[in-house]
$ cat start_37.csv   # CSV, C-alpha atoms
chain,number,residue,atom,x,y,z
A,1,MET,CA,178.9,145.3,-107.5
A,2,ALA,CA,179.4,142.6,-110.1
A,3,PHE,CA,178.8,138.9,-109.8
A,4,GLU,CA,180.0,137.9,-113.2
A,5,GLU,CA,182.6,135.5,-111.7
A,6,LEU,CA,179.8,133.2,-110.7
A,7,LEU,CA,179.0,132.6,-114.4
A,8,THR,CA,182.3,130.6,-114.7
A,9,SER,CA,181.5,127.7,-112.4
A,10,ALA,CA,183.6,124.8,-113.4
A,11,ASN,CA,184.5,124.0,-109.8
A,12,ASP,CA,181.2,124.9,-108.1
A,13,TRP,CA,179.4,122.4,-106.0
A,14,TYR,CA,176.7,121.6,-108.5
A,15,MET,CA,179.4,120.8,-111.2
A,16,GLN,CA,180.6,117.8,-109.1
A,17,PRO,CA,179.2,114.3,-109.4
A,18,GLY,CA,177.2,113.3,-106.3
A,19,PRO,CA,175.7,110.1,-105.0
A,20,SER,CA,172.6,109.0,-106.9
A,21,CYS,CA,173.1,111.9,-109.3
A,22,GLU,CA,171.2,110.1,-112.1
A,23,VAL,CA,168.0,111.0,-110.2
A,24,VAL,CA,169.0,113.4,-107.4
A,25,VAL,CA,170.1,116.8,-108.7
A,26,SER,CA,171.0,118.3,-105.3
A,27,SER,CA,170.6,118.2,-101.5
A,28,ARG,CA,170.1,121.1,-99.1
A,29,VAL,CA,170.1,121.5,-95.4
A,30,ARG,CA,169.1,124.7,-93.6
A,31,PHE,CA,168.9,126.0,-90.0
A,32,ALA,CA,166.7,129.1,-89.0
A,33,ARG,CA,167.8,131.1,-86.0
A,34,ASN,CA,166.8,134.3,-84.3
A,35,LEU,CA,168.5,136.5,-81.7
A,36,GLU,CA,167.2,136.9,-78.2
A,37,GLY,CA,165.6,140.2,-77.5
A,38,LYS,CA,165.4,141.3,-81.2
A,39,LYS,CA,162.2,141.8,-83.2
A,40,PHE,CA,161.7,139.5,-86.2
A,41,PRO,CA,162.9,141.1,-89.4
A,42,HIS,CA,159.4,142.0,-90.7
A,43,HIS,CA,158.6,143.8,-87.5
A,44,ALA,CA,161.9,145.6,-87.0
A,45,ASN,CA,162.7,149.1,-88.3
A,46,ALA,CA,165.7,149.9,-90.4
A,47,ILE,CA,167.9,150.7,-87.4
A,48,GLU,CA,167.0,147.5,-85.6
A,49,GLN,CA,167.5,145.5,-88.8
A,50,LYS,CA,171.0,147.0,-89.3
A,51,GLU,CA,171.9,146.1,-85.7
A,52,VAL,CA,171.1,142.5,-86.4
A,53,VAL,CA,173.1,142.5,-89.7
A,54,ASP,CA,176.1,144.0,-88.0
A,55,GLN,CA,176.0,141.6,-85.1
A,56,ILE,CA,175.7,138.5,-87.3
A,57,GLN,CA,178.3,139.8,-89.7
A,58,LYS,CA,180.7,140.2,-86.8
A,59,ALA,CA,180.0,136.6,-85.6
A,60,VAL,CA,180.3,135.0,-89.0
A,61,ALA,CA,183.6,136.8,-89.5
A,62,THR,CA,185.0,134.7,-86.7
A,63,LEU,CA,184.4,131.3,-88.5
A,64,PRO,CA,187.3,129.5,-90.1
A,65,GLN,CA,185.4,129.6,-93.4
A,66,ALA,CA,185.1,133.4,-93.2
A,67,GLN,CA,188.1,134.1,-95.3
A,68,ASN,CA,186.4,132.5,-98.3
A,69,LEU,CA,183.0,134.2,-97.7
A,70,ARG,CA,181.7,137.2,-99.7
A,71,PHE,CA,179.5,139.5,-97.7
A,72,VAL,CA,176.8,141.5,-99.6
A,73,ARG,CA,174.2,144.0,-98.2
A,74,LEU,CA,171.2,143.3,-100.5
A,75,ASN,CA,169.8,146.8,-100.2
A,76,GLU,CA,173.0,148.1,-101.8
A,77,ILE,CA,172.7,146.0,-105.0
A,78,SER,CA,170.3,146.1,-108.0
A,79,SER,CA,167.1,144.0,-108.3
A,80,LEU,CA,168.9,142.2,-111.2
A,81,ASP,CA,171.8,141.2,-108.9
A,82,ARG,CA,169.3,140.0,-106.3
A,83,GLN,CA,167.5,137.9,-108.8
A,84,PHE,CA,170.9,136.6,-110.0
A,85,LEU,CA,171.8,135.5,-106.5
A,86,THR,CA,168.4,133.9,-106.1
A,87,GLU,CA,168.8,131.9,-109.3
A,88,HIS,CA,172.2,130.8,-108.1
A,89,GLN,CA,170.5,129.5,-104.9
A,90,LEU,CA,172.5,131.8,-102.6
A,91,ILE,CA,169.4,133.7,-101.4
A,92,SER,CA,165.7,133.0,-101.5
A,93,ALA,CA,163.2,134.9,-103.6
A,94,GLU,CA,161.6,136.3,-100.4
A,95,HIS,CA,165.0,137.5,-99.3
A,96,ALA,CA,165.6,139.2,-102.7
A,97,ALA,CA,162.2,141.0,-102.5
A,98,SER,CA,162.2,142.0,-98.9
A,99,LEU,CA,162.7,145.7,-97.9
A,100,GLY,CA,165.1,147.1,-95.4
A,101,GLU,CA,168.5,146.1,-94.1
A,102,ARG,CA,169.3,142.6,-95.2
A,103,ALA,CA,172.4,140.8,-96.3
A,104,VAL,CA,174.1,137.5,-97.3
A,105,ALA,CA,177.5,136.0,-96.7
A,106,PHE,CA,178.3,133.2,-99.2
A,107,ASN,CA,180.8,130.9,-100.8
A,108,ALA,CA,179.2,129.9,-104.1
A,109,LYS,CA,181.9,127.2,-104.8
A,110,GLU,CA,181.1,125.4,-101.6
A,111,GLY,CA,177.3,125.9,-101.8
A,112,LEU,CA,177.3,127.7,-98.4
A,113,SER,CA,175.3,130.9,-97.6
A,114,PHE,CA,174.2,132.8,-94.5
A,115,LEU,CA,170.9,134.7,-95.2
A,116,ILE,CA,170.6,137.6,-92.8
A,117,ASN,CA,167.2,139.2,-92.1
A,118,GLU,CA,165.2,137.0,-94.5
A,119,GLU,CA,162.1,135.7,-92.7
A,120,ASP,CA,164.3,135.0,-89.6
A,121,HIS,CA,167.4,136.8,-88.4
A,122,LEU,CA,169.7,134.1,-89.7
A,123,ARG,CA,169.3,131.2,-92.1
A,124,LEU,CA,172.3,129.0,-92.7
A,125,GLN,CA,172.2,126.7,-95.7
A,126,VAL,CA,174.5,124.2,-97.3
A,127,PHE,CA,174.0,122.6,-100.8
A,128,ARG,CA,175.6,119.4,-102.0
A,129,ALA,CA,175.4,117.6,-105.4
A,130,GLY,CA,173.4,114.4,-105.5
A,131,LEU,CA,171.9,112.7,-102.5
A,132,ASN,CA,174.3,114.0,-99.8
A,133,LEU,CA,172.2,115.3,-96.9
A,134,LYS,CA,174.4,113.8,-94.2
A,135,GLU,CA,177.6,115.5,-95.3
A,136,GLY,CA,175.8,118.8,-95.6
A,137,PHE,CA,174.2,118.3,-92.2
A,138,GLN,CA,177.6,117.6,-90.5
A,139,LEU,CA,179.1,120.9,-91.9
A,140,LEU,CA,175.9,122.9,-91.1
A,141,SER,CA,175.9,121.6,-87.5
A,142,GLU,CA,179.5,122.6,-87.0
A,143,LEU,CA,178.8,126.1,-88.3
A,144,GLU,CA,175.7,126.5,-86.2
A,145,GLN,CA,177.5,125.3,-83.0
A,146,ALA,CA,180.3,127.8,-83.6
A,147,LEU,CA,177.9,130.6,-84.1
A,148,ALA,CA,175.9,129.7,-81.0
A,149,LEU,CA,179.0,130.5,-79.0
A,150,LYS,CA,179.0,134.1,-80.4
A,151,LEU,CA,175.3,134.8,-80.8
A,152,PRO,CA,172.4,134.5,-78.3
A,153,PHE,CA,169.9,132.4,-80.2
A,154,ALA,CA,166.3,132.6,-79.0
A,155,LYS,CA,165.1,129.3,-77.6
A,156,ASP,CA,162.2,128.0,-75.5
A,157,PRO,CA,162.4,124.9,-73.3
A,158,GLN,CA,159.2,123.4,-74.8
A,159,LEU,CA,159.1,124.9,-78.3
A,160,GLY,CA,162.7,124.8,-79.2
A,161,TYR,CA,164.3,127.5,-81.4
A,162,LEU,CA,161.8,130.4,-81.9
A,163,THR,CA,161.1,131.3,-85.5
A,164,ALA,CA,159.0,133.9,-87.4
A,165,CYS,CA,156.9,131.0,-88.9
A,166,PRO,CA,155.4,128.5,-86.3
A,167,THR,CA,156.0,125.6,-88.6
A,168,ASN,CA,159.7,126.0,-88.2
A,169,LEU,CA,159.7,125.7,-84.4
A,170,GLY,CA,161.7,123.0,-82.7
A,171,MET,CA,165.0,122.3,-84.4
A,172,ALA,CA,164.1,125.0,-87.0
A,173,PHE,CA,165.7,122.7,-89.5
A,174,ARG,CA,164.8,121.7,-93.1
A,175,ALA,CA,166.4,119.0,-95.2
A,176,SER,CA,165.4,119.0,-98.8
A,177,VAL,CA,166.3,117.0,-102.0
A,178,MET,CA,165.8,118.0,-105.6
A,179,LEU,CA,164.9,115.0,-107.7
A,180,HIS,CA,164.4,114.4,-111.5
A,181,LEU,CA,161.6,111.9,-112.0
A,182,PRO,CA,160.9,111.9,-115.8
A,183,ALA,CA,159.8,108.2,-116.0
A,184,LEU,CA,157.3,108.7,-113.2
A,185,VAL,CA,155.9,111.7,-115.0
A,186,TYR,CA,155.9,110.0,-118.4
A,187,SER,CA,154.0,107.0,-117.0
A,188,ASN,CA,151.5,109.2,-115.1
A,189,ARG,CA,152.6,107.9,-111.8
A,190,ALA,CA,154.2,111.0,-110.4
A,191,VAL,CA,151.1,112.6,-108.8
A,192,GLN,CA,150.1,109.4,-107.0
A,193,VAL,CA,153.7,108.7,-105.8
A,194,LEU,CA,154.2,112.3,-104.6
A,195,GLN,CA,150.9,112.2,-102.8
A,196,GLY,CA,152.3,109.3,-100.9
A,197,VAL,CA,155.3,111.3,-100.0
A,198,THR,CA,153.1,114.0,-98.4
A,199,GLN,CA,151.4,111.3,-96.3
A,200,VAL,CA,154.7,110.5,-94.6
A,201,GLY,CA,155.4,114.0,-93.4
A,202,LEU,CA,157.2,115.5,-96.3
A,203,THR,CA,156.4,118.5,-98.6
A,204,VAL,CA,156.6,118.6,-102.4
A,205,ARG,CA,157.6,121.8,-104.2
A,206,GLY,CA,159.0,122.9,-107.6
A,207,LEU,CA,162.4,123.6,-109.0
A,208,GLN,CA,163.2,126.7,-106.9
A,209,GLY,CA,161.3,125.7,-103.7
A,210,GLU,CA,158.4,127.6,-102.2
A,211,THR,CA,158.0,130.3,-104.8
A,212,THR,CA,157.6,128.0,-107.9
A,213,GLN,CA,155.1,125.7,-109.3
A,214,LEU,CA,156.1,122.1,-110.2
A,215,ALA,CA,158.2,122.4,-113.4
A,216,SER,CA,158.8,119.6,-115.9
A,217,ALA,CA,160.0,116.5,-114.0
A,218,PHE,CA,161.9,118.3,-111.3
A,219,PHE,CA,160.5,118.0,-107.7
A,220,GLN,CA,161.8,119.1,-104.3
A,221,ILE,CA,160.9,117.1,-101.3
A,222,SER,CA,161.6,118.3,-97.7
A,223,ASN,CA,160.4,117.8,-94.1
A,224,ASN,CA,157.4,119.9,-93.2
A,225,SER,CA,158.1,120.1,-89.5
A,226,SER,CA,161.0,119.8,-87.1
A,227,LEU,CA,159.1,120.2,-83.7
A,228,GLY,CA,160.1,117.5,-81.3
A,229,LYS,CA,162.6,115.9,-83.7
A,230,ARG,CA,166.4,115.8,-83.9
A,231,GLY,CA,168.2,117.0,-86.9
A,232,ALA,CA,169.8,113.6,-87.6
A,233,GLU,CA,166.4,112.0,-87.4
A,234,ILE,CA,165.0,114.4,-90.0
A,235,VAL,CA,168.0,113.8,-92.3
A,236,ASP,CA,167.5,110.1,-92.0
A,237,HIS,CA,163.8,110.3,-92.8
A,238,VAL,CA,164.2,112.5,-95.9
A,239,ASP,CA,167.2,110.5,-97.1
A,240,ARG,CA,165.3,107.2,-96.8
A,241,ILE,CA,162.3,108.5,-98.8
A,242,ALA,CA,164.6,110.0,-101.4
A,243,ARG,CA,166.4,106.6,-101.8
A,244,GLN,CA,163.0,104.9,-102.3
A,245,LEU,CA,162.1,107.5,-105.0
A,246,VAL,CA,165.5,106.9,-106.7
A,247,GLU,CA,164.9,103.2,-106.8
A,248,LEU,CA,161.3,103.6,-108.0
A,249,GLU,CA,162.3,106.1,-110.8
A,250,LEU,CA,165.1,103.9,-112.0
A,251,ASN,CA,162.9,100.8,-112.1
A,252,THR,CA,160.2,102.8,-113.9
A,253,GLN,CA,162.7,104.0,-116.4
A,254,LYS,CA,163.7,100.4,-117.2
A,255,THR,CA,160.1,99.4,-117.7
A,256,VAL,CA,159.2,102.4,-119.8
A,257,PHE,CA,162.3,101.9,-122.1
A,258,GLN,CA,161.4,98.2,-122.5
A,259,GLN,CA,157.9,99.1,-123.6
A,260,GLU,CA,158.4,102.4,-125.5
A,261,GLY,CA,162.2,102.7,-126.0
A,262,LEU,CA,162.1,103.9,-129.7
A,263,LYS,CA,159.4,106.5,-128.9
A,264,ILE,CA,161.4,107.9,-126.0
A,265,GLN,CA,164.7,107.9,-127.9
A,266,ASP,CA,162.9,109.9,-130.6
A,267,ARG,CA,161.6,112.4,-128.0
A,268,ILE,CA,165.1,112.8,-126.6
A,269,CYS,CA,166.6,113.4,-130.1
A,270,ARG,CA,163.9,115.9,-131.0
A,271,SER,CA,164.5,117.8,-127.8
A,272,LEU,CA,168.2,117.9,-128.5
A,273,GLY,CA,167.5,119.2,-132.0
A,274,THR,CA,165.2,121.9,-130.7
A,275,LEU,CA,167.6,123.1,-128.0
A,276,LYS,CA,170.6,123.0,-130.4
A,277,HIS,CA,169.0,124.8,-133.3
A,278,ALA,CA,166.0,126.9,-132.2
A,279,LYS,CA,166.2,130.6,-132.4
A,280,VAL,CA,163.8,131.3,-129.6
A,281,VAL,CA,163.4,129.1,-126.5
A,282,THR,CA,161.1,129.9,-123.5
A,283,LEU,CA,162.1,128.9,-120.0
A,284,GLN,CA,159.5,126.1,-119.8
A,285,GLU,CA,160.6,124.7,-123.2
A,286,ALA,CA,164.2,124.7,-121.9
A,287,LEU,CA,163.3,122.9,-118.7
A,288,ASP,CA,161.3,120.3,-120.6
A,289,GLY,CA,164.1,119.8,-123.1
A,290,LEU,CA,166.9,119.6,-120.5
A,291,SER,CA,164.7,117.1,-118.6
A,292,ALA,CA,164.7,114.9,-121.8
A,293,LEU,CA,168.4,115.4,-122.3
A,294,ARG,CA,169.1,114.2,-118.7
A,295,VAL,CA,167.3,110.9,-119.6
A,296,GLY,CA,169.4,110.7,-122.7
A,297,VAL,CA,172.6,111.0,-120.7
A,298,GLU,CA,171.4,108.5,-118.1
A,299,GLN,CA,170.4,106.0,-120.7
A,300,LYS,CA,173.6,106.5,-122.8
A,301,ILE,CA,171.6,107.8,-125.7
A,302,LEU,CA,173.6,111.0,-126.0
A,303,ASN,CA,177.3,111.7,-126.2
A,304,GLY,CA,179.2,114.9,-125.6
A,305,ILE,CA,177.7,116.1,-122.3
A,306,ASP,CA,177.3,114.9,-118.7
A,307,LEU,CA,174.9,115.5,-115.8
A,308,PRO,CA,177.0,118.2,-114.1
A,309,LYS,CA,177.1,120.3,-117.3
A,310,LEU,CA,173.3,119.9,-117.6
A,311,ASN,CA,173.1,121.1,-113.9
A,312,ASN,CA,175.0,124.2,-115.0
A,313,LEU,CA,172.6,124.8,-117.9
A,314,LEU,CA,169.6,124.7,-115.5
A,315,ILE,CA,171.1,127.8,-113.9
A,316,LEU,CA,172.4,129.6,-117.0
A,317,ILE,CA,169.0,129.6,-118.7
A,318,GLN,CA,167.4,131.6,-115.9
A,319,PRO,CA,166.5,135.2,-116.7
A,320,ALA,CA,169.0,137.1,-114.6
A,321,HIS,CA,171.9,134.8,-115.7
A,322,LEU,CA,171.0,135.5,-119.3
A,323,ALA,CA,171.0,139.2,-118.7
A,324,LYS,CA,174.4,139.0,-117.0
A,325,ILE,CA,175.8,136.9,-119.9
A,326,ALA,CA,174.5,139.4,-122.5
A,327,ALA,CA,175.5,142.4,-120.3
A,328,ARG,CA,172.2,144.2,-120.9
A,329,GLU,CA,168.6,144.3,-119.8
A,330,MET,CA,166.3,141.8,-121.4
A,331,ASN,CA,162.6,141.8,-122.4
A,332,PRO,CA,160.9,138.4,-122.8
A,333,GLU,CA,161.7,138.2,-126.5
A,334,LEU,CA,165.4,139.0,-126.2
A,335,GLU,CA,165.6,136.7,-123.2
A,336,ALA,CA,164.2,133.8,-125.3
A,337,MET,CA,166.7,134.6,-128.0
A,338,GLU,CA,169.6,134.7,-125.7
A,339,ARG,CA,168.5,131.4,-124.0
A,340,ALA,CA,168.4,129.8,-127.4
A,341,ARG,CA,171.9,131.1,-128.2
A,342,ILE,CA,173.3,129.8,-124.9
A,343,LEU,CA,171.7,126.4,-125.3
A,344,GLY,CA,173.0,126.1,-128.9
A,345,MET,CA,176.5,127.0,-127.8
A,346,HIS,CA,176.7,124.5,-124.9
A,347,LEU,CA,175.0,121.7,-126.8
A,348,LYS,CA,176.8,122.1,-130.2
A,349,ASN,CA,179.0,119.0,-129.6
A,350,VAL,CA,176.2,116.8,-128.2
A,351,GLU,CA,175.1,114.0,-130.5
A,352,ALA,CA,173.0,110.9,-130.4
A,353,ALA,CA,175.0,107.8,-129.7

$ encode --input "start_37.csv" --output "structure tokens"
Amino acid sequence: MAFEELLTSANDWYMQPGPSCEVVVSSRVRFARNLEGKKFPHHANAIEQKEVVDQIQKAVATLPQAQNLRFVRLNEISSLDRQFLTEHQLISAEHAASLGERAVAFNAKEGLSFLINEEDHLRLQVFRAGLNLKEGFQLLSELEQALALKLPFAKDPQLGYLTACPTNLGMAFRASVMLHLPALVYSNRAVQVLQGVTQVGLTVRGLQGETTQLASAFFQISNNSSLGKRGAEIVDHVDRIARQLVELELNTQKTVFQQEGLKIQDRICRSLGTLKHAKVVTLQEALDGLSALRVGVEQKILNGIDLPKLNNLLILIQPAHLAKIAAREMNPELEAMERARILGMHLKNVEAA
């Protein structure tokens, strides 16, 4: 089963400009749901897991969006394809690595996926470009309500929706925002600011969520609990904190450029030169360089590329995407060479203003 069509993503959700996209890369909303009378995925045997997959697949097929969904049983595809779907944010790393009967139904263009038998029986998620939690939440709520008419979701009067992880009890809802905060990192304020974020009930993670360390200047913030809260309340809280971080980052950028503008411009141009002409580029080097290029675009220092195209590059430089592009297995050295080739090709027309 091939997924090469996902490599040509001119119309995908992350290629669209979104609100506050100069700082906010993407927004995601997610519901976790489990079926009454069914064991959680990690405690179920293969037959029980398959029953859940079949039951949810049948329910999802009744949705108006079903005609544009692709259904994939993850145990029937290669580990490379599972990693590819993870990098494309259609499944989680845990979902890709889990054993047994599991599946996903997705529409990559719309940033919509239904993860079946991950940690919970069903996780519905919607991505949007920029700071757009409210639009994603509206769509996700409509989908969840439609599925609730077809599926018996497990729920307790006091605890709310029952989930495999106790921290997800209640609404079993997570709202998250991916931010790019280079000025706060450069000015050594990021750690202090993000510690403040954790003190108001949010969690801070890396570029790909729970499974990654903090990478370059990319940070994900999300609510750490939904017990006793409404979905709209959670969305408003995360949205409000994200807007404060956007304002703080932009003000810090202005201050930093006033104080060290020439030094930062030099760093941006050096990063461009490296990514355009290097023969070998590691993933961390690419992330650091693309972080600098985003600043160059935001500050109108660079011509020939925009933020959506840089969003695309953040995905294309990941290992499984490089292997798909090259149509062969990659060791670390070949991967770094292919990454350099892809970056050079996509950045060949980018120049300093």

$ residues_near_point --input "start_37.csv" --point "(168.4, 126.8, -126.8)" --cutoff "12 Å" --atoms "all atoms listed in the file" --output "ChimeraX atom specification"
/A:271-290,313-314,316-318,322,335-348

$ write_last_selection --input "start_37.csv" --atoms "C-alpha atoms" --output "mmCIF file, in the frame of the given file"
data_model
loop_
_atom_site.group_PDB
_atom_site.id
_atom_site.type_symbol
_atom_site.label_atom_id
_atom_site.label_comp_id
_atom_site.auth_asym_id
_atom_site.auth_seq_id
_atom_site.Cartn_x
_atom_site.Cartn_y
_atom_site.Cartn_z
ATOM 1 C CA SER A 271 164.500 117.800 -127.800
ATOM 2 C CA LEU A 272 168.200 117.900 -128.500
ATOM 3 C CA GLY A 273 167.500 119.200 -132.000
ATOM 4 C CA THR A 274 165.200 121.900 -130.700
ATOM 5 C CA LEU A 275 167.600 123.100 -128.000
ATOM 6 C CA LYS A 276 170.600 123.000 -130.400
ATOM 7 C CA HIS A 277 169.000 124.800 -133.300
ATOM 8 C CA ALA A 278 166.000 126.900 -132.200
ATOM 9 C CA LYS A 279 166.200 130.600 -132.400
ATOM 10 C CA VAL A 280 163.800 131.300 -129.600
ATOM 11 C CA VAL A 281 163.400 129.100 -126.500
ATOM 12 C CA THR A 282 161.100 129.900 -123.500
ATOM 13 C CA LEU A 283 162.100 128.900 -120.000
ATOM 14 C CA GLN A 284 159.500 126.100 -119.800
ATOM 15 C CA GLU A 285 160.600 124.700 -123.200
ATOM 16 C CA ALA A 286 164.200 124.700 -121.900
ATOM 17 C CA LEU A 287 163.300 122.900 -118.700
ATOM 18 C CA ASP A 288 161.300 120.300 -120.600
ATOM 19 C CA GLY A 289 164.100 119.800 -123.100
ATOM 20 C CA LEU A 290 166.900 119.600 -120.500
ATOM 21 C CA LEU A 313 172.600 124.800 -117.900
ATOM 22 C CA LEU A 314 169.600 124.700 -115.500
ATOM 23 C CA LEU A 316 172.400 129.600 -117.000
ATOM 24 C CA ILE A 317 169.000 129.600 -118.700
ATOM 25 C CA GLN A 318 167.400 131.600 -115.900
ATOM 26 C CA LEU A 322 171.000 135.500 -119.300
ATOM 27 C CA GLU A 335 165.600 136.700 -123.200
ATOM 28 C CA ALA A 336 164.200 133.800 -125.300
ATOM 29 C CA MET A 337 166.700 134.600 -128.000
ATOM 30 C CA GLU A 338 169.600 134.700 -125.700
ATOM 31 C CA ARG A 339 168.500 131.400 -124.000
ATOM 32 C CA ALA A 340 168.400 129.800 -127.400
ATOM 33 C CA ARG A 341 171.900 131.100 -128.200
ATOM 34 C CA ILE A 342 173.300 129.800 -124.900
ATOM 35 C CA LEU A 343 171.700 126.400 -125.300
ATOM 36 C CA GLY A 344 173.000 126.100 -128.900
ATOM 37 C CA MET A 345 176.500 127.000 -127.800
ATOM 38 C CA HIS A 346 176.700 124.500 -124.900
ATOM 39 C CA LEU A 347 175.000 121.700 -126.800
ATOM 40 C CA LYS A 348 176.800 122.100 -130.200
#

$ residues_near_point --input "start_37.csv" --point "(165.0, 139.3, -79.6)" --cutoff "10 Å" --atoms "all atoms listed in the file" --output "list in words"
Asn34, Leu35, Glu36, Gly37, Lys38, Lys39, Phe40, Val52, His121, Pro152, Phe153, Ala154 and Leu162 of chain A

$ atom_distance --input "start_37.csv" --atom1 "atom CA of Ala2 of chain A" --atom2 "atom CA of Asp81 of chain A"
7.8 Å

$ residues_around --input "start_37.csv" --residues "Ala242 of chain A" --least-positions-apart "6" --cutoff "10 Å" --atoms "only C-alpha atoms" --output "list in words"
Ser20, Val23, Val24, Leu131, Ser176, Val177, Met178, Leu179, Val197, Gln220, Ile221, Ser222, Asp236 and Leu248 of chain A

$ write_last_selection --input "start_37.csv" --atoms "C-alpha atoms" --output "tab-separated table (two decimals), in the coordinates of the input"
chain	number	residue	atom	x	y	z
A	20	SER	CA	172.60	109.00	-106.90
A	23	VAL	CA	168.00	111.00	-110.20
A	24	VAL	CA	169.00	113.40	-107.40
A	131	LEU	CA	171.90	112.70	-102.50
A	176	SER	CA	165.40	119.00	-98.80
A	177	VAL	CA	166.30	117.00	-102.00
A	178	MET	CA	165.80	118.00	-105.60
A	179	LEU	CA	164.90	115.00	-107.70
A	197	VAL	CA	155.30	111.30	-100.00
A	220	GLN	CA	161.80	119.10	-104.30
A	221	ILE	CA	160.90	117.10	-101.30
A	222	SER	CA	161.60	118.30	-97.70
A	236	ASP	CA	167.50	110.10	-92.00
A	248	LEU	CA	161.30	103.60	-108.00

$ closest_residue --input "start_37.csv" --among "A:Leu334, A:Val185, A:Ala59, A:Val29" --to "Leu124 of chain A" --atoms "only C-alpha atoms"
A:Val29

$ atom_distance --input "start_37.csv" --atom1 "atom CA of Glu329 of chain A" --atom2 "atom CA of Arg73 of chain A"
22.3 Å

$ atom_distance --input "start_37.csv" --atom1 "atom CA of Gly231 of chain A" --atom2 "atom CA of Phe173 of chain A"
6.7 Å

$ closest_residue --input "start_37.csv" --among "A:Leu245, A:Ala352, A:Ile301, A:Ala103" --to "Phe257 of chain A" --atoms "all atoms listed in the file"
A:Ile301

$ closest_residue --input "start_37.csv" --among "A:Lys324, A:His180, A:Arg294, A:Arg70" --to "Val104 of chain A" --atoms "only C-alpha atoms"
A:Arg70

$ residues_around --input "start_37.csv" --residues "Asn107 of chain A" --least-positions-apart "4" --cutoff "9 Å" --atoms "only C-alpha atoms" --output "ChimeraX atom specification"
/A:65,68-70,90,111-113

$ write_last_selection --input "start_37.csv" --atoms "C-alpha atoms" --output "compact mmCIF listing (two decimals), keeping the file's coordinate frame"
# COMPACT_ATOMS: atom_id res chain seq x y z
CA GLN A 65 185.40 129.60 -93.40
CA ASN A 68 186.40 132.50 -98.30
CA LEU A 69 183.00 134.20 -97.70
CA ARG A 70 181.70 137.20 -99.70
CA LEU A 90 172.50 131.80 -102.60
CA GLY A 111 177.30 125.90 -101.80
CA LEU A 112 177.30 127.70 -98.40
CA SER A 113 175.30 130.90 -97.60

$ residues_around --input "start_37.csv" --residues "Leu194 of chain A" --least-positions-apart "5" --cutoff "10 Å" --atoms "only C-alpha atoms" --output "count of residues only"
9
